[in-house]
>>> print(open('protein_6.txt').read())   # compact mmCIF, C-alpha atoms
# COMPACT_ATOMS: atom_id res chain seq x y z
CA MET F 234 102.33 72.21 86.69
CA SER F 235 103.10 69.34 89.06
CA SER F 236 106.15 71.15 90.47
CA THR F 237 103.94 73.44 92.56
CA LEU F 238 102.15 70.59 94.34
CA PRO F 239 103.46 69.63 97.80
CA ALA F 240 105.47 66.40 97.97
CA ASP F 241 102.83 64.34 99.77
CA TRP F 242 100.20 65.13 97.15
CA GLN F 243 102.68 64.58 94.34
CA GLY F 244 103.38 61.09 95.64
CA ALA F 245 99.70 60.19 95.91
CA LEU F 246 98.92 61.65 92.49
CA SER F 247 102.02 60.45 90.64
CA ALA F 248 100.05 58.46 88.04
CA ALA F 249 97.72 61.38 87.33
CA LEU F 250 100.62 63.82 87.02
CA ALA F 251 102.36 61.53 84.54
CA ALA F 252 99.26 61.02 82.39
CA PRO F 253 99.19 62.47 78.85
CA SER F 254 95.95 64.25 79.74
CA PHE F 255 97.71 66.25 82.46
CA ALA F 256 100.52 67.23 80.11
CA ALA F 257 97.93 68.32 77.56
CA LEU F 258 96.14 70.37 80.22
CA GLY F 259 99.41 72.08 81.14
CA ALA F 260 100.18 72.95 77.54
CA TRP F 261 96.69 74.28 76.93
CA LEU F 262 96.71 76.29 80.15
CA ALA F 263 100.05 77.91 79.23
CA GLN F 264 98.51 79.02 75.93
CA GLU F 265 95.41 80.25 77.72
CA ARG F 266 97.43 82.34 80.17
CA ALA F 267 99.37 83.83 77.26
CA ALA F 268 96.15 84.79 75.50
CA ALA F 269 93.95 85.92 78.38
CA GLN F 270 93.78 86.61 82.09
CA VAL F 271 93.29 83.42 84.09
CA PHE F 272 92.30 83.01 87.74
CA PRO F 273 93.71 82.15 90.17
CA PRO F 274 97.29 83.29 89.52
CA ALA F 275 99.59 80.44 88.55
CA ASP F 276 101.32 80.38 91.94
CA GLU F 277 97.98 79.99 93.77
CA VAL F 278 96.31 77.20 91.78
CA TYR F 279 97.28 74.60 94.39
CA THR F 280 96.74 76.67 97.55
CA ALA F 281 94.28 74.11 98.94
CA PHE F 282 96.87 71.34 98.70
CA HIS F 283 99.53 73.40 100.46
CA LEU F 284 97.22 74.31 103.35
CA THR F 285 95.71 70.83 103.76
CA PRO F 286 98.19 67.95 103.46
CA LEU F 287 96.74 64.62 102.37
CA SER F 288 97.50 63.14 105.80
CA ALA F 289 95.45 65.91 107.44
CA VAL F 290 92.31 65.76 105.27
CA ARG F 291 89.22 65.25 107.42
CA VAL F 292 86.58 66.96 105.25
CA VAL F 293 86.39 67.79 101.55
CA VAL F 294 84.18 70.71 100.50
CA LEU F 295 83.83 70.38 96.73
CA GLY F 296 82.48 73.14 94.53
CA GLN F 297 82.49 73.83 90.80
CA ASP F 298 85.14 76.24 89.45
CA PRO F 299 86.98 79.29 90.81
CA TYR F 300 85.53 82.76 91.13
CA HIS F 301 85.98 84.58 87.83
CA ASP F 302 86.12 88.25 88.85
CA ASP F 303 89.25 90.29 89.57
CA GLY F 304 91.10 89.54 92.78
CA GLN F 305 88.78 86.81 94.02
CA ALA F 306 90.12 83.31 93.39
CA HIS F 307 93.20 82.25 95.35
CA GLY F 308 93.10 78.47 95.12
CA LEU F 309 90.52 77.62 97.80
CA SER F 310 86.95 76.88 96.80
CA PHE F 311 84.54 79.62 97.92
CA SER F 312 87.28 81.63 99.68
CA VAL F 313 88.62 85.12 98.97
CA LYS F 314 91.51 86.91 100.62
CA PRO F 315 90.99 89.50 103.37
CA GLY F 316 89.87 92.84 101.98
CA VAL F 317 88.07 91.30 99.00
CA LYS F 318 84.30 91.71 98.94
CA VAL F 319 82.55 88.51 100.02
CA PRO F 320 80.96 86.86 96.94
CA PRO F 321 77.27 85.86 96.92
CA SER F 322 77.90 82.11 97.23
CA LEU F 323 80.00 82.63 100.34
CA LYS F 324 77.46 85.06 101.76
CA ASN F 325 74.92 82.24 101.48
CA MET F 326 77.34 79.87 103.19
CA TYR F 327 77.63 82.36 106.03
CA LYS F 328 73.84 82.66 106.26
CA GLU F 329 73.59 78.89 106.61
CA LEU F 330 76.45 78.86 109.12
CA ALA F 331 74.52 81.31 111.28
CA SER F 332 71.30 79.33 110.93
CA ASP F 333 72.98 75.99 111.53
CA LEU F 334 75.48 76.74 114.30
CA GLY F 335 74.75 80.32 115.33
CA LEU F 336 78.16 81.48 114.12
CA SER F 337 78.72 84.92 112.64
CA ALA F 338 80.79 85.68 109.54
CA PRO F 339 84.35 86.66 110.45
CA LYS F 340 85.39 90.29 110.31
CA VAL F 341 88.74 91.96 109.66
CA ASP F 342 89.06 95.65 110.53
CA GLY F 343 85.30 95.80 110.95
CA LYS F 344 84.52 94.37 107.50
CA GLU F 345 83.17 90.93 106.70
CA SER F 346 85.97 88.63 105.59
CA GLY F 347 85.76 85.76 103.10
CA ASP F 348 89.07 84.18 104.08
CA LEU F 349 88.47 80.44 104.61
CA ARG F 350 92.08 79.50 105.23
CA PRO F 351 91.38 78.61 108.89
CA TRP F 352 89.06 75.84 107.67
CA ALA F 353 91.77 74.58 105.32
CA ARG F 354 94.32 74.51 108.13
CA ALA F 355 91.83 72.55 110.25
CA GLY F 356 91.76 69.72 107.71
CA VAL F 357 88.99 70.90 105.38
CA LEU F 358 90.17 70.55 101.78
CA MET F 359 88.47 73.42 99.95
CA LEU F 360 88.47 72.08 96.39
CA ASN F 361 86.77 72.76 93.07
CA THR F 362 86.17 70.23 90.31
CA VAL F 363 87.99 72.64 87.93
CA LEU F 364 90.94 74.64 89.27
CA THR F 365 91.23 77.56 86.84
CA VAL F 366 88.94 79.88 84.89
CA ARG F 367 89.28 82.61 82.25
CA ALA F 368 88.59 86.05 83.70
CA HIS F 369 84.90 86.95 83.71
CA GLU F 370 83.88 83.72 81.94
CA PRO F 371 82.44 81.17 84.38
CA ASN F 372 82.97 77.51 83.49
CA SER F 373 85.33 78.52 80.67
CA HIS F 374 87.92 75.87 81.68
CA ARG F 375 85.43 73.05 81.95
CA ASP F 376 86.24 69.84 80.03
CA ARG F 377 89.86 70.79 79.47
CA GLY F 378 91.32 68.12 81.77
CA TRP F 379 90.95 69.44 85.30
CA GLU F 380 88.05 67.06 85.97
CA LEU F 381 90.32 64.07 85.30
CA PHE F 382 92.88 65.45 87.74
CA THR F 383 90.36 66.14 90.50
CA ASP F 384 88.89 62.67 89.95
CA GLU F 385 92.28 61.32 90.96
CA VAL F 386 92.42 63.63 93.97
CA ILE F 387 89.11 62.22 95.22
CA ARG F 388 90.25 58.64 94.53
CA ALA F 389 93.49 59.21 96.42
CA ILE F 390 91.68 60.59 99.45
CA SER F 391 89.14 57.77 99.39
CA ALA F 392 91.87 55.13 99.17
CA SER F 393 94.35 56.54 101.68
CA ARG F 394 92.24 58.03 104.47
CA ASP F 395 90.25 56.05 107.03
CA HIS F 396 87.21 58.33 107.20
CA VAL F 397 86.58 61.64 105.45
CA VAL F 398 83.34 63.59 105.12
CA PHE F 399 82.82 64.63 101.50
CA VAL F 400 80.52 67.63 101.01
CA LEU F 401 79.46 67.71 97.36
CA TRP F 402 77.69 70.94 96.37
CA GLY F 403 76.13 71.13 92.91
CA LYS F 404 75.95 68.61 90.07
CA PRO F 405 79.63 68.70 88.99
CA ALA F 406 80.67 67.93 92.56
CA GLN F 407 78.00 65.29 93.07
CA ALA F 408 79.29 63.45 89.97
CA LYS F 409 82.41 62.62 92.02
CA ALA F 410 80.40 60.49 94.47
CA LYS F 411 81.04 57.38 92.41
CA LEU F 412 84.76 57.71 93.17
CA ILE F 413 84.27 57.53 96.95
CA ASP F 414 84.12 54.30 98.97
CA PRO F 415 80.83 54.60 100.91
CA ALA F 416 81.89 51.86 103.32
CA LYS F 417 84.76 54.03 104.57
CA HIS F 418 83.53 57.58 104.15
CA THR F 419 80.52 59.85 104.61
CA VAL F 420 79.10 61.56 101.52
CA LEU F 421 76.83 64.60 101.90
CA LYS F 422 75.21 65.87 98.69
CA GLY F 423 73.52 69.23 98.46
CA ALA F 424 72.57 72.19 96.33
CA HIS F 425 75.29 74.67 95.46
CA PRO F 426 75.25 77.83 97.63
CA SER F 427 75.09 80.04 94.54
CA PRO F 428 72.15 82.48 94.52
CA LEU F 429 70.87 80.49 91.52
CA SER F 430 70.41 77.33 93.56
CA ALA F 431 70.70 78.09 97.27
CA HIS F 432 66.92 78.18 97.70
CA ALA F 433 66.64 74.77 96.02
CA GLY F 434 68.01 72.87 98.99
CA PHE F 435 71.13 74.57 100.31
CA PHE F 436 69.37 76.75 102.85
CA GLY F 437 68.24 74.59 105.73
CA SER F 438 70.55 71.70 104.86
CA ARG F 439 72.72 72.26 107.96
CA PRO F 440 75.94 71.02 106.34
CA TYR F 441 78.25 72.15 109.12
CA SER F 442 76.46 70.27 111.88
CA GLN F 443 76.04 67.28 109.57
CA VAL F 444 79.80 67.16 109.04
CA ASN F 445 80.48 67.32 112.75
CA ALA F 446 77.88 64.65 113.51
CA ALA F 447 79.53 62.32 110.99
CA LEU F 448 82.96 62.97 112.51
CA VAL F 449 81.75 62.37 116.05
CA ALA F 450 80.05 59.14 114.98
CA ARG F 451 83.49 57.87 113.93
CA GLY F 452 85.20 59.09 117.10
CA GLN F 453 86.86 62.06 115.38
CA ALA F 454 87.19 65.62 116.60
CA LEU F 455 84.76 68.32 115.53
CA VAL F 456 85.67 70.95 112.96
CA ASP F 457 85.78 74.45 114.40
CA TRP F 458 83.70 76.33 111.84
CA SER F 459 84.03 79.69 113.62
CA LEU F 460 86.88 81.03 111.40
CA ALA F 461 88.29 82.64 114.51
>>> encode(input="protein_6.txt", output="structure tokens")
Amino acid sequence: MSSTLPADWQGALSAALAAPSFAALGAWLAQERAAAQVFPPADEVYTAFHLTPLSAVRVVVLGQDPYHDDGQAHGLSFSVKPGVKVPPSLKNMYKELASDLGLSAPKVDGKESGDLRPWARAGVLMLNTVLTVRAHEPNSHRDRGWELFTDEVIRAISASRDHVVFVLWGKPAQAKAKLIDPAKHTVLKGAHPSPLSAHAGFFGSRPYSQVNAALVARGQALVDWSLA
């Protein structure tokens, strides 16, 4: 699986990629793909890493696991490609974006778009704690080894970058806080935007303006959240 990671991430994650646990994950995932439909497609698992090089990471938005319905997941947490119906979690993110910054959801050909690739290209690593899922079975790839890999991703960012804002939504994401150096970085914890939890602290949390305030406080440029 490591062959599809960009070179800069491969270098930073070399120990994790050489670990027996990662080899075991790869073997299990090959069997899983042979037995069932798995999302995202194999060539899109590492989309976030291709769009956001390690040297460009300014913000990490960490969720749980990929969308599990047909045509949704494409390797960026919370994102779907143009033309795919916007999922409920992302709809809630857009509601909070409007409340927080007054920004409207993007549209393509008159329809609301869930494509978050502009955020990724602006230095926002859109990551999940688990990077694959069996079709129509949420959390089905939990505890198979992805969590160990994404632990190392968070450690690598914490060690190599001067200041990153980590946005940890939901309990699986918040468990990664212990891997982040709080003297160097800003950690924002919040409820997951899922309809099951958005009313328990996500709505009204103003994550987008909080991220920008943390960046400005360190003399860094704002993130353009407009998805223009």
>>> residues_around(input="protein_6.txt", residues="F:Asp342", least_positions_apart="3", cutoff="12 Å", atoms="only C-alpha atoms", output="count of residues only")
5
>>> residues_around(input="protein_6.txt", residues="stretch 379-391 of chain F", least_positions_apart="3", cutoff="6 Å", atoms="all atoms listed in the file", output="PyMOL selection string")
chain F and resi 362-363+394+412-413
>>> write_last_selection(input="protein_6.txt", atoms="C-alpha atoms", output="PDB file, keeping the file's coordinate frame")
ATOM      1  CA  THR F 362      86.170  70.230  90.310  1.00  0.00           C
ATOM      2  CA  VAL F 363      87.990  72.640  87.930  1.00  0.00           C
ATOM      3  CA  ARG F 394      92.240  58.030 104.470  1.00  0.00           C
ATOM      4  CA  LEU F 412      84.760  57.710  93.170  1.00  0.00           C
ATOM      5  CA  ILE F 413      84.270  57.530  96.950  1.00  0.00           C
TER       6      ILE F 413
END
>>> residues_around(input="protein_6.txt", residues="F:Val357", least_positions_apart="2", cutoff="8 Å", atoms="all atoms listed in the file", output="PyMOL selection string")
chain F and resi 285+290-294+352-355+359
>>> write_last_selection(input="protein_6.txt", atoms="C-alpha atoms", output="PDB file, in the frame of the given file")
ATOM      1  CA  THR F 285      95.710  70.830 103.760  1.00  0.00           C
ATOM      2  CA  VAL F 290      92.310  65.760 105.270  1.00  0.00           C
ATOM      3  CA  ARG F 291      89.220  65.250 107.420  1.00  0.00           C
ATOM      4  CA  VAL F 292      86.580  66.960 105.250  1.00  0.00           C
ATOM      5  CA  VAL F 293      86.390  67.790 101.550  1.00  0.00           C
ATOM      6  CA  VAL F 294      84.180  70.710 100.500  1.00  0.00           C
ATOM      7  CA  TRP F 352      89.060  75.840 107.670  1.00  0.00           C
ATOM      8  CA  ALA F 353      91.770  74.580 105.320  1.00  0.00           C
ATOM      9  CA  ARG F 354      94.320  74.510 108.130  1.00  0.00           C
ATOM     10  CA  ALA F 355      91.830  72.550 110.250  1.00  0.00           C
ATOM     11  CA  MET F 359      88.470  73.420  99.950  1.00  0.00           C
TER      12      MET F 359
END
>>> closest_residue(input="protein_6.txt", among="F:Ala450, F:Ala368, F:Ala410, F:Ala245", to="F:Arg266", atoms="all atoms listed in the file")
F:Ala368
>>> residues_around(input="protein_6.txt", residues="F:Phe282", least_positions_apart="3", cutoff="9 Å", atoms="all atoms listed in the file", output="short mmCIF file (atom, residue, chain, number, x, y, z; two decimals) with C-alpha atoms, in the frame of the given file")
data_model
loop_
_atom_site.label_atom_id
_atom_site.label_comp_id
_atom_site.auth_asym_id
_atom_site.auth_seq_id
_atom_site.Cartn_x
_atom_site.Cartn_y
_atom_site.Cartn_z
CA LEU F 238 102.15 70.59 94.34
CA PRO F 239 103.46 69.63 97.80
CA TRP F 242 100.20 65.13 97.15
CA TYR F 279 97.28 74.60 94.39
CA THR F 285 95.71 70.83 103.76
CA PRO F 286 98.19 67.95 103.46
CA LEU F 287 96.74 64.62 102.37
CA GLY F 308 93.10 78.47 95.12
CA LEU F 309 90.52 77.62 97.80
CA ALA F 353 91.77 74.58 105.32
CA LEU F 358 90.17 70.55 101.78
CA MET F 359 88.47 73.42 99.95
CA LEU F 360 88.47 72.08 96.39
#
>>> closest_residue(input="protein_6.txt", among="F:Val317, F:His283, F:Ala268, F:Ala424", to="F:Gln243", atoms="only C-alpha atoms")
F:His283
>>> decode(input="protein_6.txt", residues="stretch 365-413 of chain F", atoms="N, CA and C atoms", output="compact mmCIF listing (two decimals), in the first residue's frame")
# COMPACT_ATOMS: atom_id res chain seq x y z
N THR F 365 -10.39 3.29 5.26
CA THR F 365 -11.25 2.49 4.38
C THR F 365 -12.46 1.99 5.16
N VAL F 366 -13.45 1.50 4.43
CA VAL F 366 -14.66 0.97 5.05
C VAL F 366 -15.32 -0.01 4.09
N ARG F 367 -15.95 -1.05 4.62
CA ARG F 367 -16.74 -1.96 3.78
C ARG F 367 -18.03 -1.27 3.38
N ALA F 368 -18.45 -1.46 2.16
CA ALA F 368 -19.65 -0.80 1.64
C ALA F 368 -20.84 -1.02 2.57
N HIS F 369 -21.48 0.09 2.92
CA HIS F 369 -22.73 0.10 3.68
C HIS F 369 -22.60 -0.42 5.12
N GLU F 370 -21.36 -0.48 5.61
CA GLU F 370 -21.12 -0.95 6.98
C GLU F 370 -20.20 0.02 7.71
N PRO F 371 -20.76 1.09 8.30
CA PRO F 371 -19.92 2.08 8.98
C PRO F 371 -19.08 1.45 10.08
N ASN F 372 -17.85 1.97 10.19
CA ASN F 372 -16.90 1.51 11.21
C ASN F 372 -16.45 0.06 11.03
N SER F 373 -16.70 -0.53 9.89
CA SER F 373 -16.37 -1.94 9.67
C SER F 373 -14.87 -2.20 9.57
N HIS F 374 -14.05 -1.17 9.32
CA HIS F 374 -12.60 -1.36 9.26
C HIS F 374 -11.89 -0.78 10.49
N ARG F 375 -12.65 -0.55 11.53
CA ARG F 375 -12.07 -0.09 12.78
C ARG F 375 -11.25 -1.22 13.41
N ASP F 376 -10.15 -0.83 14.07
CA ASP F 376 -9.29 -1.77 14.82
C ASP F 376 -8.65 -2.84 13.93
N ARG F 377 -8.39 -2.48 12.69
CA ARG F 377 -7.70 -3.40 11.78
C ARG F 377 -6.27 -2.94 11.50
N GLY F 378 -5.90 -1.77 12.02
CA GLY F 378 -4.54 -1.28 11.83
C GLY F 378 -4.42 0.14 11.32
N TRP F 379 -5.52 0.67 10.76
CA TRP F 379 -5.45 2.05 10.26
C TRP F 379 -5.16 3.04 11.38
N GLU F 380 -5.69 2.79 12.56
CA GLU F 380 -5.49 3.74 13.67
C GLU F 380 -4.01 3.88 14.01
N LEU F 381 -3.25 2.78 13.92
CA LEU F 381 -1.81 2.85 14.18
C LEU F 381 -1.12 3.70 13.12
N PHE F 382 -1.55 3.55 11.87
CA PHE F 382 -0.97 4.34 10.79
C PHE F 382 -1.28 5.83 10.97
N THR F 383 -2.54 6.15 11.24
CA THR F 383 -2.88 7.57 11.37
C THR F 383 -2.31 8.17 12.65
N ASP F 384 -2.04 7.35 13.66
CA ASP F 384 -1.27 7.84 14.81
C ASP F 384 0.07 8.39 14.34
N GLU F 385 0.73 7.64 13.46
CA GLU F 385 2.05 8.06 12.99
C GLU F 385 1.96 9.29 12.09
N VAL F 386 0.87 9.42 11.35
CA VAL F 386 0.67 10.63 10.56
C VAL F 386 0.60 11.85 11.47
N ILE F 387 -0.18 11.75 12.55
CA ILE F 387 -0.31 12.87 13.48
C ILE F 387 1.03 13.16 14.15
N ARG F 388 1.74 12.12 14.55
CA ARG F 388 3.07 12.33 15.18
C ARG F 388 4.03 13.02 14.21
N ALA F 389 4.01 12.61 12.96
CA ALA F 389 4.91 13.20 11.97
C ALA F 389 4.61 14.67 11.76
N ILE F 390 3.34 15.02 11.68
CA ILE F 390 2.97 16.42 11.52
C ILE F 390 3.38 17.22 12.76
N SER F 391 3.09 16.68 13.92
CA SER F 391 3.43 17.37 15.17
C SER F 391 4.93 17.62 15.27
N ALA F 392 5.73 16.63 14.86
CA ALA F 392 7.18 16.75 15.00
C ALA F 392 7.81 17.66 13.95
N SER F 393 7.26 17.66 12.73
CA SER F 393 7.96 18.32 11.63
C SER F 393 7.47 19.72 11.31
N ARG F 394 6.26 20.06 11.72
CA ARG F 394 5.71 21.37 11.39
C ARG F 394 5.82 22.31 12.58
N ASP F 395 5.97 23.61 12.30
CA ASP F 395 6.14 24.59 13.37
C ASP F 395 4.84 24.87 14.11
N HIS F 396 3.76 25.07 13.38
CA HIS F 396 2.45 25.30 14.00
C HIS F 396 1.35 24.84 13.07
N VAL F 397 0.55 23.92 13.54
CA VAL F 397 -0.61 23.40 12.80
C VAL F 397 -1.81 23.47 13.73
N VAL F 398 -2.97 23.77 13.17
CA VAL F 398 -4.22 23.73 13.93
C VAL F 398 -4.87 22.38 13.68
N PHE F 399 -5.03 21.60 14.73
CA PHE F 399 -5.66 20.28 14.64
C PHE F 399 -7.11 20.41 15.08
N VAL F 400 -8.02 20.05 14.20
CA VAL F 400 -9.46 20.08 14.47
C VAL F 400 -9.91 18.63 14.64
N LEU F 401 -10.24 18.26 15.86
CA LEU F 401 -10.54 16.87 16.19
C LEU F 401 -12.03 16.73 16.47
N TRP F 402 -12.77 16.13 15.51
CA TRP F 402 -14.22 16.02 15.63
C TRP F 402 -14.61 14.59 15.98
N GLY F 403 -15.24 14.41 17.13
CA GLY F 403 -15.68 13.10 17.57
C GLY F 403 -14.63 12.41 18.42
N LYS F 404 -15.06 11.39 19.17
CA LYS F 404 -14.17 10.72 20.12
C LYS F 404 -12.97 10.04 19.48
N PRO F 405 -13.12 9.31 18.36
CA PRO F 405 -11.93 8.70 17.75
C PRO F 405 -10.87 9.73 17.38
N ALA F 406 -11.31 10.87 16.86
CA ALA F 406 -10.35 11.92 16.51
C ALA F 406 -9.74 12.54 17.76
N GLN F 407 -10.55 12.80 18.76
CA GLN F 407 -10.05 13.43 19.98
C GLN F 407 -9.03 12.56 20.70
N ALA F 408 -9.09 11.24 20.50
CA ALA F 408 -8.11 10.35 21.12
C ALA F 408 -6.70 10.60 20.59
N LYS F 409 -6.58 11.26 19.44
CA LYS F 409 -5.27 11.56 18.87
C LYS F 409 -4.61 12.77 19.55
N ALA F 410 -5.31 13.48 20.39
CA ALA F 410 -4.75 14.69 20.99
C ALA F 410 -3.46 14.42 21.75
N LYS F 411 -3.36 13.26 22.33
CA LYS F 411 -2.18 12.92 23.12
C LYS F 411 -0.92 12.82 22.26
N LEU F 412 -1.06 12.73 20.97
CA LEU F 412 0.07 12.61 20.05
C LEU F 412 0.60 13.96 19.58
N ILE F 413 -0.07 15.03 19.97
CA ILE F 413 0.23 16.38 19.47
C ILE F 413 0.94 17.19 20.54
